[in-house]
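Chemist: Dropping a structure here in structure tokens format, bear with me for questions.
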Amino acid sequence: MTARLVYFMGPSGAGKDSLLDWLRAHLPAARALHWARRTISRVATPGAEAHESVSPEAFAALLRAQAFALHWQANGLGYGVRHAQLDPLAAGQWVLLNGSRAHLPAALARFPHLLAVHISASPERLRERLLARGRETPDAVEDRVQRALQFRPPAGSASIELHNDGSLDDVGQRLLSALRQHPGWPG
């Protein structure tokens with residue numbers, strides 16, 4: 001089996017977190033897969049991603065100490081992946097990581113053979129989901145939608161492209177089928 005980093009990314013409102021939760025629930029535990037746990041400079045909330053929660057000051061200290069194999073800033077928060085979270089690659093496991101579109105070039109520089117999974121949705125669906133969250137003004141939502149439309153993965157990097165406008169189960173099945181197409185996928 002060949003180890004590989006699977007790097008999930010997508011704009012807010014594309015349903016990436018819901019899709020990753022679906023995938024976790026539908027993959028047998030015995031597979032040689034490791035879900036990388038992120039360190040984020042925000043408080044953990046029930047029902048949200050299980051991450052290592054640190055203060056912005058602690059995140060900055062970890063960054064200075066070179067504690068992260070990968071790190072980025074997004075929406076005023078620091079995101080990092082500790083080296084130990086990627087160690088399973090050396091043991092032949094596939095590592096699944098909730099990444100960032102903006103950080104993809106840096107991740108590719110470090111892991112040139114990563115499998116990039118870009119999850120998107122139609123502008124109408126993104127707009128609808130973002131407005132339903134109620135966290136941002138309509139203008140801020142429109143800015144996010146426009147940024148999502150402008151994103152272009154580096155040539156050859158987005159090996160799996162998923163459009164998430166339908167049911168979660170439908171998109172999840174398409175994701176699982178696409179992952180199974182890649183040589184070395186565990187199972």
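The way I read the labels, and the way they are meant: chains A, B, ... in the order of the structure tokens, residue 1 as the first residue of every chain, and ligand 1 as the first ligand shown, with later ones counted on from there.
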Can you list every residue of segment 23-128 of chain A that has an atom at most 12 Å from segment 147-159 of chain A, with its nearest atom pair and the distance in Å to one decimal, using only C-alpha atoms, ordered by chain then number, as JSON lines?
Modeler:
{"residue": "A:Ser100", "atom": "CA", "partner": "A:Pro153", "partner_atom": "CA", "distance": 11.2}
{"residue": "A:Arg101", "atom": "CA", "partner": "A:Pro153", "partner_atom": "CA", "distance": 7.8}
{"residue": "A:Ala102", "atom": "CA", "partner": "A:Phe151", "partner_atom": "CA", "distance": 8.8}
{"residue": "A:His103", "atom": "CA", "partner": "A:Pro153", "partner_atom": "CA", "distance": 10.6}
{"residue": "A:Leu104", "atom": "CA", "partner": "A:Pro153", "partner_atom": "CA", "distance": 7.9}
{"residue": "A:Pro105", "atom": "CA", "partner": "A:Pro154", "partner_atom": "CA", "distance": 7.2}
{"residue": "A:Ala106", "atom": "CA", "partner": "A:Pro154", "partner_atom": "CA", "distance": 11.0}
{"residue": "A:Ala107", "atom": "CA", "partner": "A:Ser157", "partner_atom": "CA", "distance": 10.6}
{"residue": "A:Leu108", "atom": "CA", "partner": "A:Ser157", "partner_atom": "CA", "distance": 8.0}
{"residue": "A:Ala109", "atom": "CA", "partner": "A:Ser157", "partner_atom": "CA", "distance": 11.2}
{"residue": "A:Phe111", "atom": "CA", "partner": "A:Ser157", "partner_atom": "CA", "distance": 11.2}
{"residue": "A:Pro112", "atom": "CA", "partner": "A:Ser157", "partner_atom": "CA", "distance": 9.0}
{"residue": "A:His113", "atom": "CA", "partner": "A:Ser157", "partner_atom": "CA", "distance": 8.9}
{"residue": "A:Leu114", "atom": "CA", "partner": "A:Ser157", "partner_atom": "CA", "distance": 8.1}
{"residue": "A:Leu115", "atom": "CA", "partner": "A:Ser159", "partner_atom": "CA", "distance": 6.1}
{"residue": "A:Ala116", "atom": "CA", "partner": "A:Ala158", "partner_atom": "CA", "distance": 4.7}
{"residue": "A:Val117", "atom": "CA", "partner": "A:Ala158", "partner_atom": "CA", "distance": 5.8}
{"residue": "A:His118", "atom": "CA", "partner": "A:Ala158", "partner_atom": "CA", "distance": 6.1}
{"residue": "A:Ile119", "atom": "CA", "partner": "A:Ala158", "partner_atom": "CA", "distance": 9.7}
{"residue": "A:Ser120", "atom": "CA", "partner": "A:Ala148", "partner_atom": "CA", "distance": 8.0}
{"residue": "A:Ala121", "atom": "CA", "partner": "A:Ala148", "partner_atom": "CA", "distance": 9.0}
{"residue": "A:Ser122", "atom": "CA", "partner": "A:Leu149", "partner_atom": "CA", "distance": 8.9}
{"residue": "A:Pro123", "atom": "CA", "partner": "A:Leu149", "partner_atom": "CA", "distance": 7.5}
{"residue": "A:Glu124", "atom": "CA", "partner": "A:Leu149", "partner_atom": "CA", "distance": 11.3}
{"residue": "A:Arg125", "atom": "CA", "partner": "A:Ala148", "partner_atom": "CA", "distance": 11.8}
{"residue": "A:Leu126", "atom": "CA", "partner": "A:Ala148", "partner_atom": "CA", "distance": 8.8}
{"residue": "A:Arg127", "atom": "CA", "partner": "A:Ala148", "partner_atom": "CA", "distance": 10.6}
Chemist: Can you tell me which residues surround Arg133 of chain A at a distance of at most 10 Å, considering only C-alpha atoms, apart from same-chain residues fewer than 4 positions away, and format the answer as a count of residues only?
Modeler: 3
Chemist: Taking the chain letters and numbering used in this document, name the residues of chain A that DSSP puts in strand (DSSP E), as a ChimeraX atom specification.
Modeler: /A:5-9,33-35,39-40,52-53,68-74,77-82,94-98,115-120,158-163
Chemist: Restricting the calculation to only C-alpha atoms, which member of A:Gly166, A:Gly99, A:Pro183, A:Gly172 is positioned closest to Pro11 of chain A?
Modeler: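 Under the stated criterion, the closest residue is A:Gly99.
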Chemist: Record the distance separating atom CA of Ala60 of chain A and atom CA of Gly78 of chain A, expressed in Å with one decimal.
Modeler: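 These atoms are spaced 8.3 Å apart.
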Chemist: Can you work out which one of A:Gln85, A:Gln146, A:Ser12, A:Thr2 has the shortest atom-to-atom distance to Arg38 of chain A, counting only C-alpha atoms?
Modeler: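 Answer, going by the shortest atom-to-atom distance: A:Gln85.
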Chemist: Which residue, A:His51, A:Arg135, A:His182, A:Arg82, has the smallest gap to Ala3 of chain A when you use only C-alpha atoms?
Modeler: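 Result for the nearest residue to Ala3 of chain A: A:His182.
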Chemist: Taking only C-alpha atoms into account, which of A:Asn164, A:Ala25, A:His71, A:Ser18 comes nearest Ile40 of chain A?
Modeler: A:His71
Chemist: What does the distance between atom CA of Val95 of chain A and atom CA of Tyr7 of chain A come to in Å, to one decimal place?
Modeler: 8.5 Å
Chemist: Would you compute the distance between atom CA of Ala50 of chain A and atom CA of Thr137 of chain A? Give it in Å to one decimal.
Modeler: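 Result for atom CA of Ala50 of chain A versus atom CA of Thr137 of chain A: 27.3 Å, one decimal.
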Chemist: Could you give me, as a list in words, the residues within 6 Å of segment 66-68 of chain A, counting only C-alpha atoms and dropping anything in the same chain fewer than 2 positions from it?
Modeler: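 Neighbouring residues, sequence-local ones excluded: Leu62, Leu63, Arg64, Leu70, Gly80, Val81, Arg82 and His83 of chain A.
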Chemist: Enumerate, as a ChimeraX atom specification, the complete set of residues in segment 47-86 of chain A that a backbone-based DSSP assignment places in alpha helix (DSSP H).
Modeler: /A:56-64,83-86
Chemist: Using N, CA, C and O atoms, can you export the residues from the last selection as a short mmCIF file (atom, residue, chain, number, x, y, z; two decimals), in the first residue's frame?
Modeler:
data_model
loop_
_atom_site.label_atom_id
_atom_site.label_comp_id
_atom_site.auth_asym_id
_atom_site.auth_seq_id
_atom_site.Cartn_x
_atom_site.Cartn_y
_atom_site.Cartn_z
N PRO A 56 -4.91 32.42 20.56
CA PRO A 56 -4.06 32.99 19.51
C PRO A 56 -2.60 33.12 19.96
O PRO A 56 -1.68 32.90 19.16
N GLU A 57 -2.39 33.43 21.23
CA GLU A 57 -1.01 33.56 21.75
C GLU A 57 -0.30 32.19 21.75
O GLU A 57 0.87 32.09 21.38
N ALA A 58 -1.03 31.15 22.17
CA ALA A 58 -0.44 29.81 22.17
C ALA A 58 -0.16 29.34 20.74
O ALA A 58 0.86 28.70 20.49
N PHE A 59 -1.06 29.69 19.81
CA PHE A 59 -0.84 29.32 18.42
C PHE A 59 0.44 29.98 17.90
O PHE A 59 1.27 29.33 17.26
N ALA A 60 0.61 31.26 18.21
CA ALA A 60 1.81 31.99 17.77
C ALA A 60 3.07 31.36 18.36
O ALA A 60 4.09 31.24 17.68
N ALA A 61 2.99 30.92 19.62
CA ALA A 61 4.14 30.27 20.25
C ALA A 61 4.46 28.94 19.57
O ALA A 61 5.63 28.61 19.35
N LEU A 62 3.44 28.17 19.24
CA LEU A 62 3.64 26.90 18.53
C LEU A 62 4.25 27.15 17.15
O LEU A 62 5.13 26.40 16.71
N LEU A 63 3.82 28.19 16.50
CA LEU A 63 4.36 28.55 15.20
C LEU A 63 5.84 28.90 15.30
O LEU A 63 6.66 28.41 14.52
N ARG A 64 6.19 29.71 16.31
CA ARG A 64 7.60 30.07 16.53
C ARG A 64 8.44 28.83 16.86
O ARG A 64 9.61 28.76 16.47
N HIS A 83 3.30 18.01 13.34
CA HIS A 83 4.09 16.99 12.64
C HIS A 83 3.57 15.58 12.94
O HIS A 83 3.47 14.75 12.04
N ALA A 84 3.25 15.30 14.20
CA ALA A 84 2.80 13.97 14.60
C ALA A 84 1.53 13.54 13.87
O ALA A 84 1.29 12.34 13.67
N GLN A 85 0.72 14.50 13.45
CA GLN A 85 -0.52 14.17 12.74
C GLN A 85 -0.25 13.63 11.33
O GLN A 85 -1.11 13.00 10.74
N LEU A 86 0.94 13.89 10.82
CA LEU A 86 1.31 13.40 9.49
C LEU A 86 2.28 12.22 9.55
O LEU A 86 2.60 11.63 8.52
#
Chemist: Please determine, counting only C-alpha atoms, which residue among A:Asn98, A:Ser55, A:Asn75, A:Ser41 has the shortest atom-to-atom distance to Arg144 of chain A.
Modeler: A:Asn75
